[in-house]
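Shown here: my_file-v1.txt, compact mmCIF, C-alpha atoms.
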# COMPACT_ATOMS: atom_id res chain seq x y z
CA MET A 8 0.00 0.00 0.00
CA ASN A 9 1.18 3.46 -0.89
CA ALA A 10 2.35 5.40 2.14
CA ASN A 11 0.70 8.52 0.76
CA ASP A 12 -2.59 6.74 0.83
CA ARG A 13 -2.25 5.81 4.46
CA ASP A 14 -2.46 9.34 5.74
CA ASN A 15 -5.21 8.32 8.05
CA PRO A 16 -3.37 7.24 11.16
CA ASN A 17 -5.22 4.45 12.89
CA THR A 18 -2.33 2.26 13.89
CA GLU A 19 -3.74 1.52 17.31
CA LEU A 20 -7.07 0.40 15.87
CA GLU A 21 -5.37 -1.63 13.20
CA ALA A 22 -3.33 -3.37 15.83
CA MET A 23 -6.48 -4.15 17.77
CA TYR A 24 -8.24 -5.33 14.65
CA ARG A 25 -5.36 -7.57 13.70
CA ALA A 26 -5.14 -8.97 17.18
CA GLY A 27 -8.63 -10.38 16.80
CA ARG A 28 -8.14 -11.96 13.41
CA ASP A 29 -9.11 -15.48 14.32
CA VAL A 30 -12.41 -15.55 12.47
CA GLU A 31 -12.42 -18.01 9.62
CA PRO A 32 -14.84 -20.19 7.69
CA ASP A 33 -15.41 -23.64 9.08
CA ARG A 34 -13.94 -26.67 7.37
CA GLY A 35 -17.31 -27.87 6.08
CA LEU A 36 -17.77 -24.62 4.21
CA ASP A 37 -14.24 -24.91 2.82
CA ARG A 38 -14.97 -28.44 1.62
CA ARG A 39 -18.18 -27.43 -0.14
CA ILE A 40 -16.52 -24.56 -1.96
CA ARG A 41 -13.50 -26.63 -2.97
CA ALA A 42 -15.78 -29.42 -4.20
CA ARG A 43 -17.68 -26.94 -6.33
CA ALA A 44 -14.45 -25.61 -7.81
CA GLU A 45 -13.25 -29.15 -8.46
CA GLN A 46 -16.49 -29.93 -10.24
CA ALA A 47 -16.22 -26.76 -12.31
CA ALA A 48 -12.62 -27.53 -13.24
CA ARG A 49 -13.56 -31.09 -14.18
CA SER A 50 -16.39 -29.94 -16.43
CA ARG A 51 -14.01 -27.48 -18.07
CA ARG A 52 -11.51 -30.25 -18.72
CA LYS A 53 -14.17 -32.59 -20.02
CA TRP A 54 -15.90 -30.14 -22.28
CA ARG A 55 -13.72 -28.48 -24.84
CA PRO A 56 -15.94 -27.66 -27.80
CA PRO A 57 -13.99 -28.66 -30.89
CA VAL A 58 -14.01 -26.40 -33.89
CA TRP A 59 -16.13 -28.88 -35.80
CA ALA A 60 -18.71 -29.33 -33.02
CA GLY A 61 -20.98 -26.63 -34.36
CA GLY A 62 -21.04 -28.13 -37.85
CA LEU A 63 -21.55 -31.63 -36.51
CA ALA A 64 -24.39 -30.51 -34.29
CA THR A 65 -26.04 -28.78 -37.23
CA ALA A 66 -25.66 -31.90 -39.36
CA SER A 67 -27.14 -34.04 -36.56
CA VAL A 68 -30.11 -31.74 -36.26
CA MET A 69 -30.67 -31.81 -40.03
CA ILE A 70 -30.54 -35.61 -40.11
CA ALA A 71 -32.97 -35.80 -37.21
CA VAL A 72 -35.35 -33.37 -38.88
CA VAL A 73 -35.25 -35.20 -42.20
CA THR A 74 -35.80 -38.51 -40.40
CA VAL A 75 -38.84 -37.19 -38.58
CA VAL A 76 -40.27 -35.74 -41.79
CA LEU A 77 -39.75 -38.98 -43.68
CA GLN A 78 -41.32 -41.06 -40.95
CA GLN A 79 -44.59 -39.24 -41.48
CA PRO A 80 -47.03 -41.56 -43.34
CA ASP A 81 -47.82 -39.00 -46.01
CA ALA A 82 -44.25 -37.83 -46.56
CA PRO A 83 -43.67 -36.87 -50.21
CA THR A 84 -41.66 -39.29 -52.35
CA ALA A 85 -39.30 -36.54 -53.45
CA SER A 86 -38.03 -36.22 -49.89
CA ARG A 87 -37.38 -39.95 -49.72
CA GLU A 88 -35.25 -39.69 -52.80
CA ALA A 89 -33.33 -36.82 -51.30
CA ALA A 90 -32.12 -38.90 -48.35
CA PRO A 91 -32.12 -42.60 -49.16
CA THR A 92 -29.64 -43.71 -46.52
CA VAL A 93 -31.63 -42.04 -43.80
CA ILE A 94 -34.80 -43.84 -44.86
CA GLU A 95 -33.06 -47.13 -44.73
CA SER A 96 -31.44 -46.58 -41.39
CA ALA A 97 -34.75 -45.46 -39.94
CA GLY A 98 -36.79 -48.24 -41.47
CA GLU A 99 -35.45 -51.34 -43.22
CA PRO A 100 -31.77 -51.79 -42.57
CA SER A 101 -29.56 -52.66 -45.50
CA MET A 102 -25.90 -53.39 -46.00
CA GLU A 103 -25.35 -49.84 -47.19
CA ALA A 104 -27.13 -48.39 -44.19
CA GLU A 105 -25.22 -50.57 -41.74
CA GLU A 106 -21.90 -49.64 -43.26
CA PHE A 107 -22.81 -45.98 -43.12
CA ALA A 108 -24.25 -46.09 -39.65
CA ALA A 109 -21.24 -47.66 -37.98
CA PRO A 110 -18.67 -44.88 -38.32
CA SER A 111 -20.98 -41.96 -38.15
CA PRO A 112 -23.25 -42.02 -35.15
CA PRO A 113 -23.44 -38.37 -34.19
CA SER A 114 -24.43 -39.16 -30.64
CA PRO A 115 -21.06 -39.31 -28.78
CA PRO A 116 -19.79 -35.86 -29.75
CA ALA A 117 -23.28 -34.48 -29.66
CA ARG A 118 -23.69 -35.89 -26.14
CA SER A 119 -20.48 -34.35 -24.90
CA ALA A 120 -21.59 -31.00 -26.27
CA ALA A 121 -24.93 -31.44 -24.59
CA GLU A 122 -23.54 -31.90 -21.08
CA PRO A 123 -23.04 -28.25 -20.27
CA ALA A 124 -26.31 -27.56 -21.99
CA SER A 125 -28.05 -29.89 -19.56
CA GLU A 126 -26.51 -27.99 -16.64
CA ALA A 127 -28.13 -24.88 -17.97
CA SER A 128 -31.37 -26.53 -18.99
CA ALA A 129 -33.38 -24.99 -16.16
CA GLY A 130 -32.23 -21.55 -17.24
CA ALA A 131 -32.92 -22.40 -20.86
CA ASP A 132 -36.49 -23.39 -19.98
CA ARG A 133 -37.03 -20.06 -18.33
CA GLN A 134 -35.48 -18.28 -21.25
CA ARG A 135 -37.75 -20.06 -23.73
CA ALA A 136 -40.70 -18.42 -22.02
CA MET A 137 -39.18 -14.99 -22.62
CA PRO A 138 -39.96 -12.68 -25.53
CA MET A 139 -37.67 -13.14 -28.53
CA ALA A 140 -35.91 -9.79 -28.01
CA ASP A 141 -34.89 -10.75 -24.46
CA GLN A 142 -33.79 -14.23 -25.51
CA GLN A 143 -31.67 -12.59 -28.15
CA ALA A 144 -30.14 -10.22 -25.61
CA ILE A 145 -29.08 -13.19 -23.50
CA SER A 146 -27.73 -15.03 -26.54
CA GLU A 147 -25.70 -12.00 -27.52
CA LEU A 148 -24.18 -11.88 -24.06
CA HIS A 149 -23.23 -15.55 -24.34
CA GLU A 150 -21.80 -15.19 -27.81
CA ALA A 151 -19.87 -11.97 -27.39
CA ALA A 152 -16.20 -12.66 -26.73
CA GLU A 153 -15.92 -9.55 -24.57
CA PRO A 154 -19.47 -8.59 -23.64
CA GLU A 155 -20.00 -5.16 -22.20
CA PRO A 156 -21.89 -4.64 -18.93
CA ALA A 157 -23.57 -1.63 -20.51
CA GLN A 158 -25.07 -3.89 -23.15
CA ALA A 159 -26.58 -6.15 -20.50
CA LEU A 160 -27.86 -3.22 -18.45
CA GLU A 161 -29.47 -1.71 -21.54
CA ALA A 162 -31.33 -4.96 -22.19
CA ILE A 163 -32.56 -4.98 -18.57
CA ARG A 164 -33.75 -1.39 -18.89
CA GLU A 165 -35.56 -2.14 -22.14
CA ALA A 166 -37.32 -5.13 -20.62
CA LEU A 167 -38.35 -3.07 -17.61
CA ALA A 168 -39.54 -0.17 -19.74
CA ALA A 169 -41.72 -2.57 -21.71
CA GLY A 170 -43.15 -4.00 -18.49
CA ARG A 171 -41.46 -7.38 -18.92
CA THR A 172 -40.36 -7.74 -15.32
CA ASP A 173 -39.80 -11.50 -15.49
CA SER A 174 -37.52 -11.05 -18.46
CA ALA A 175 -35.71 -8.26 -16.65
CA ARG A 176 -35.09 -10.57 -13.71
CA GLU A 177 -33.72 -13.27 -16.02
CA LEU A 178 -31.49 -10.71 -17.67
CA LEU A 179 -30.38 -9.56 -14.24
CA LYS A 180 -29.37 -13.12 -13.34
CA GLU A 181 -27.36 -13.23 -16.52
CA PHE A 182 -25.78 -9.90 -15.69
CA ARG A 183 -24.84 -11.15 -12.23
CA ALA A 184 -23.28 -14.28 -13.64
CA ARG A 185 -21.35 -12.52 -16.37
CA PHE A 186 -20.30 -9.41 -14.50
CA PRO A 187 -20.25 -10.21 -10.78
CA GLU A 188 -17.74 -7.45 -10.16
CA HIS A 189 -20.00 -4.75 -11.60
CA ASP A 190 -22.48 -2.77 -9.57
CA LEU A 191 -26.11 -2.89 -10.45
CA PRO A 192 -27.22 0.74 -10.79
CA GLU A 193 -29.38 1.83 -7.90
CA ASP A 194 -32.41 2.67 -10.06
CA LEU A 195 -32.46 -0.81 -11.58
CA ALA A 196 -31.95 -2.48 -8.23
CA ARG A 197 -34.84 -0.52 -6.81
CA GLN A 198 -37.18 -1.38 -9.67
CA LEU A 199 -36.30 -5.05 -9.67
CA GLU A 200 -36.39 -5.54 -5.94
CA ASP A 201 -39.48 -3.48 -5.26
CA GLY A 202 -41.32 -5.01 -8.19
CA MET B 13 0.35 -24.84 0.89
CA SER B 14 2.65 -22.45 -0.90
CA ASP B 15 2.49 -21.53 -4.55
CA GLY B 16 4.83 -19.03 -6.18
CA ARG B 17 2.37 -18.06 -8.89
CA ASP B 18 0.59 -14.72 -8.59
CA ASP B 19 -3.14 -14.49 -7.98
CA ASP B 20 -4.09 -13.68 -11.54
CA GLU B 21 -2.07 -16.55 -12.90
CA LEU B 22 -3.71 -18.95 -10.47
CA MET B 23 -7.16 -17.75 -11.43
CA LEU B 24 -6.42 -18.13 -15.13
CA THR B 25 -4.98 -21.59 -14.55
CA PHE B 26 -8.11 -22.54 -12.64
CA ALA B 27 -10.25 -21.20 -15.47
CA ALA B 28 -8.31 -23.51 -17.79
CA GLY B 29 -9.37 -26.51 -15.68
CA ASP B 30 -6.79 -26.86 -12.91
CA ALA B 31 -8.52 -27.28 -9.56
CA GLY B 32 -5.17 -27.23 -7.76
CA ALA B 33 -4.72 -23.60 -8.77
CA PHE B 34 -8.06 -22.81 -7.16
CA ASP B 35 -6.98 -24.49 -3.93
CA ALA B 36 -3.90 -22.29 -3.74
CA LEU B 37 -5.93 -19.17 -4.43
CA TYR B 38 -8.62 -20.18 -2.00
CA GLU B 39 -6.08 -20.70 0.74
CA ARG B 40 -4.79 -17.17 0.24
CA TYR B 41 -8.17 -15.50 0.43
CA ARG B 42 -10.41 -17.65 2.60
CA LYS B 43 -9.62 -15.75 5.78
CA PRO B 44 -9.54 -12.17 4.48
CA LEU B 45 -12.81 -12.61 2.57
CA TYR B 46 -14.51 -14.29 5.46
CA ARG B 47 -13.35 -11.69 7.97
CA TYR B 48 -14.53 -8.92 5.69
CA LEU B 49 -17.99 -10.47 5.47
CA PHE B 50 -18.24 -11.43 9.08
CA HIS B 51 -17.29 -7.98 10.28
CA ALA B 52 -19.59 -6.38 7.75
CA VAL B 53 -22.72 -8.34 8.73
CA GLY B 54 -21.88 -9.35 12.28
CA ASP B 55 -23.58 -12.71 12.06
CA ARG B 56 -21.84 -16.00 11.45
CA ALA B 57 -24.73 -17.74 9.66
CA VAL B 58 -25.28 -14.82 7.30
CA ALA B 59 -21.55 -14.51 6.69
CA ASP B 60 -21.40 -18.23 5.84
CA ASP B 61 -24.19 -17.90 3.26
CA LEU B 62 -22.67 -14.82 1.67
CA TYR B 63 -19.21 -16.33 1.68
CA GLN B 64 -20.33 -19.47 -0.11
CA ASP B 65 -22.32 -17.46 -2.61
CA ILE B 66 -19.38 -15.17 -3.34
CA TRP B 67 -17.04 -18.06 -4.03
CA SER B 68 -19.70 -19.58 -6.26
CA ARG B 69 -19.80 -16.35 -8.23
CA ILE B 70 -16.04 -16.32 -8.48
CA ILE B 71 -16.07 -19.90 -9.74
CA ASP B 72 -18.90 -19.24 -12.21
CA ALA B 73 -17.24 -16.11 -13.57
CA ARG B 74 -13.81 -17.74 -14.00
CA ALA B 75 -14.03 -17.57 -17.78
CA GLN B 76 -14.56 -13.82 -17.62
CA PHE B 77 -11.48 -13.19 -15.52
CA ARG B 78 -8.65 -11.46 -17.37
CA ARG B 79 -5.02 -11.01 -16.47
CA GLY B 80 -4.63 -7.58 -15.00
CA ASN B 81 -8.07 -7.59 -13.33
CA GLY B 82 -6.22 -8.12 -10.07
CA PHE B 83 -7.81 -11.08 -8.33
CA LYS B 84 -7.88 -9.48 -4.92
CA ARG B 85 -9.61 -6.33 -6.09
CA TRP B 86 -11.96 -8.36 -8.31
CA ALA B 87 -12.92 -10.79 -5.55
CA PHE B 88 -13.54 -8.07 -2.98
CA ARG B 89 -15.55 -6.18 -5.55
CA ILE B 90 -17.76 -9.23 -5.99
CA ALA B 91 -18.02 -9.54 -2.22
CA HIS B 92 -18.97 -5.89 -1.90
CA ASN B 93 -21.68 -6.23 -4.57
CA ARG B 94 -23.05 -9.27 -2.82
CA LEU B 95 -23.13 -7.38 0.44
CA VAL B 96 -25.00 -4.51 -1.18
CA ASP B 97 -27.56 -7.01 -2.49
CA HIS B 98 -27.85 -8.49 0.96
CA TRP B 99 -28.47 -5.13 2.57
CA ARG B 100 -31.03 -4.26 -0.04
CA ALA B 101 -32.78 -7.56 0.59
CA VAL B 102 -32.93 -7.10 4.34
CA GLY B 103 -34.31 -3.61 4.13
CA ARG B 104 -31.57 -1.49 2.66
CA GLN B 105 -29.76 -1.05 5.95
CA PRO B 106 -27.15 -3.18 7.61
CA ALA B 107 -28.08 -4.31 11.08
CA MET B 108 -26.69 -1.47 13.12
CA ASP B 109 -27.63 -2.84 16.48
CA SER B 110 -26.58 -6.46 16.16
CA GLU B 111 -24.03 -7.73 18.58
CA PRO B 112 -21.54 -9.99 16.86
CA THR B 113 -19.82 -10.73 20.14
CA GLU B 114 -22.30 -13.40 21.08
CA GLN B 115 -22.08 -15.01 17.67
CA LEU B 116 -18.48 -15.86 18.33
CA ALA B 117 -18.67 -16.55 22.01
CA ASP B 118 -18.33 -20.30 21.51
CA GLN B 119 -15.39 -19.94 19.21
CA HIS B 120 -13.13 -18.52 21.85
CA SER B 121 -11.96 -21.26 24.08
CA GLY B 122 -11.00 -19.06 26.98
CA GLY B 123 -7.41 -20.10 27.47
CA PRO B 124 -4.76 -18.03 29.20
CA ASP B 125 -5.49 -14.54 30.45
CA ALA B 126 -3.65 -12.90 27.58
CA ASN B 127 -5.84 -14.69 25.08
CA ALA B 128 -8.98 -13.87 26.97
CA GLU B 129 -7.98 -10.23 27.08
CA ARG B 130 -7.19 -10.22 23.40
CA ASN B 131 -10.48 -11.89 22.54
CA GLN B 132 -12.38 -9.45 24.68
CA GLN B 133 -10.76 -6.58 22.92
CA ALA B 134 -11.46 -8.09 19.51
CA ASP B 135 -15.10 -8.59 20.44
CA ARG B 136 -15.38 -4.99 21.58
CA LEU B 137 -13.98 -3.88 18.25
CA ARG B 138 -16.46 -6.07 16.38
CA SER B 139 -19.33 -4.56 18.31
CA ALA B 140 -17.98 -1.10 17.63
CA LEU B 141 -17.66 -1.87 13.93
CA MET B 142 -21.29 -2.90 13.79
CA LYS B 143 -22.28 0.51 15.08
CA LEU B 144 -20.63 2.32 12.19
CA PRO B 145 -22.61 3.41 9.13
CA ALA B 146 -22.16 0.88 6.33
CA GLU B 147 -20.02 3.11 4.12
CA GLN B 148 -17.57 3.86 6.89
CA ARG B 149 -17.41 0.27 8.05
CA GLU B 150 -16.82 -1.00 4.53
CA ALA B 151 -14.10 1.53 3.88
CA PHE B 152 -12.34 0.48 7.08
CA LEU B 153 -12.72 -3.24 6.37
CA LEU B 154 -11.65 -3.01 2.75
CA GLN B 155 -8.59 -1.11 3.82
CA GLN B 156 -7.78 -3.72 6.43
CA GLU B 157 -8.65 -6.90 4.54
CA ALA B 158 -8.24 -6.08 0.87
CA GLY B 159 -5.45 -3.58 1.47
CA LEU B 160 -7.16 -1.08 -0.81
CA THR B 161 -5.64 2.37 -1.03
CA LEU B 162 -7.64 5.58 -0.75
CA ALA B 163 -7.49 5.93 -4.52
CA GLU B 164 -8.77 2.40 -5.04
CA LEU B 165 -11.55 2.85 -2.52
CA ALA B 166 -12.52 6.13 -4.20
CA GLU B 167 -12.57 4.53 -7.63
CA ARG B 168 -14.55 1.57 -6.36
CA ASP B 169 -17.25 3.75 -4.82
CA GLY B 170 -17.25 6.35 -7.57
CA VAL B 171 -16.45 9.12 -5.11
CA GLY B 172 -13.54 11.48 -4.56
CA ARG B 173 -10.44 10.53 -2.64
CA GLU B 174 -11.25 13.16 -0.03
CA THR B 175 -14.65 11.58 0.56
CA VAL B 176 -13.05 8.24 1.27
CA LYS B 177 -10.49 9.87 3.49
CA SER B 178 -13.23 11.56 5.39
CA ARG B 179 -15.17 8.29 5.77
CA LEU B 180 -12.12 6.64 7.20
CA ARG B 181 -11.46 9.54 9.51
CA TYR B 182 -15.02 9.42 10.82
CA ALA B 183 -14.84 5.64 11.12
CA THR B 184 -11.68 5.69 13.19
CA ALA B 185 -12.93 8.57 15.34
CA LYS B 186 -16.14 6.70 16.10
CA LEU B 187 -14.33 3.46 16.76
CA ARG B 188 -12.08 5.23 19.21
CA LYS B 189 -15.12 6.72 20.88
CA PHE B 190 -16.89 3.36 21.11
CA LEU B 191 -13.75 1.81 22.49
CA ASP B 192 -13.19 4.62 24.97
CA PRO B 193 -10.82 3.30 27.64
CA GLY B 194 -13.02 4.98 30.25
CA ALA B 195 -15.78 2.55 29.43
CA GLU B 196 -13.40 -0.36 29.60
CA ALA B 197 -11.67 0.62 32.84
CA ALA B 198 -13.51 -2.01 34.84
CA GLY B 199 -11.94 -4.79 32.81
CA GLU B 200 -8.36 -3.51 33.13
Write out the structure in this file as structure tokens.
Amino acid sequence: MNANDRDNPNTELEAMYRAGRDVEPDRGLDRRIRARAEQAARSRRKWRPPVWAGGLATASVMIAVVTVVLQQPDAPTASREAAPTVIESAGEPSMEAEEFAAPSPPSPPARSAAEPASEASAGADRQRAMPMADQQAISELHEAAEPEPAQALEAIREALAAGRTDSARELLKEFRARFPEHDLPEDLARQLEDG
Amino acid sequence: MSDGRDDDELMLTFAAGDAGAFDALYERYRKPLYRYLFHAVGDRAVADDLYQDIWSRIIDARAQFRRGNGFKRWAFRIAHNRLVDHWRAVGRQPAMDSEPTEQLADQHSGGPDANAERNQQADRLRSALMKLPAEQREAFLLQQEAGLTLAELAERDGVGRETVKSRLRYATAKLRKFLDPGAEAAGE
């Protein structure tokens, strides 16, 4: 600490304060926090989204969609022609389908990508109930490499101004998670806590 | 446990998936953060809840941490924000009349006279701290526990350096008054 900044002599009090410094968290609390950190570190180690994960996930979704469409009884023939291997793998297996299916089940990588998503599934459910504009605001916060607190606060203000208090609270949770070191402006805190 | 790496490096290593780095960091800050909270709220159960929540926030925000944030300042900032939320939730005012002394009564095991005297004095200071207005108490505690300078405290609160200086001056003057030796004479 800069000596110039300590021009408030309170040495005696400091000494007294330091003399009583035996307050500490109990071991149970320590264990819980360390376990949480361990879990977080493990999930970070386990889940490293590869560059191709996005493309693979998109492909998996497309295959699933086409499969569902083709399983409909009145599905048009043209669609069947567009994806013959999918029809076969979904219905009557053939040599071609078996050969194709073996190396390319999208489930393992897709499952690993889905693990963190399942952690956030409760939040995602809540977000699905939100208006599109608020969902987009949250998505933008997630996607931005260096999101700005001002951006998040603006989204909260907009939701509040439009009377969407539930959305504002969800956005506030997001703000807290993303920017825990930033203050929530007093006016917003008042509106959200009194509301 | 001793680790030569600086705080920021440990936090970044933890964010990359190394739980051992978190352990080292946690060991450095468990006491200062807890003391800050305990002295700010004066209640062990409340301090426990806040403390756990603050570390959860630190863990959850690990990916947002950047070198140069300064872990200590960042963590105490998070703690301060959590405290502000807490005070808002309990009616926008810290409990001015609570007596933390009793909350810790069981923790002190008595022991030799010197220890008893020291504990008594520490308890008196805790009680006195609880009687300070929140801003003054926080300024004092952040100076003691986070080692923040006047400039850092001023920046943190968005006020001038002189304002912080004045808060600290008032805080120490009131603490001295609360701890007036005249009132303690019977115990000495």
### Query
Between CA of Gln142 in chain A and CA of Arg197 in chain A, what is the distance, to one decimal in Å?
23.2 Å
### Message
Using all atoms listed in the file and a distance of at most 8 Å, pull out the residues of chain B that contact chain A, as a VMD selection string.
### Response
chain B and resid 26 to 31 34 to 35 42 to 43 46 to 47 50 60 64 67 to 73 76 86 to 87 89 to 90 93 101 130 to 131 133 to 135 137 156 159 to 163 177 180 to 181 184 187 to 188
### Straight-line distance linking CA of Ser178 in chain B with CA of Tyr48 in chain B, stated in Å to one decimal
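If I compute the distance from CA of Ser178 in chain B to CA of Tyr48 in chain B, I get 20.5 Å.
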### Query
Between B:Leu191, B:Ala57, B:Pro44, B:Ala185, which is the closest to Gln155 in chain B once you count only C-alpha atoms?
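Among the listed residues, the smallest separation from Gln155 in chain B belongs to B:Pro44.
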### Atomic separation - CA of Phe182 in chain A relative to CA of Ala157 in chain A, Å
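About the pair CA of Ala157 in chain A and CA of Phe182 in chain A: they are 9.8 Å apart.
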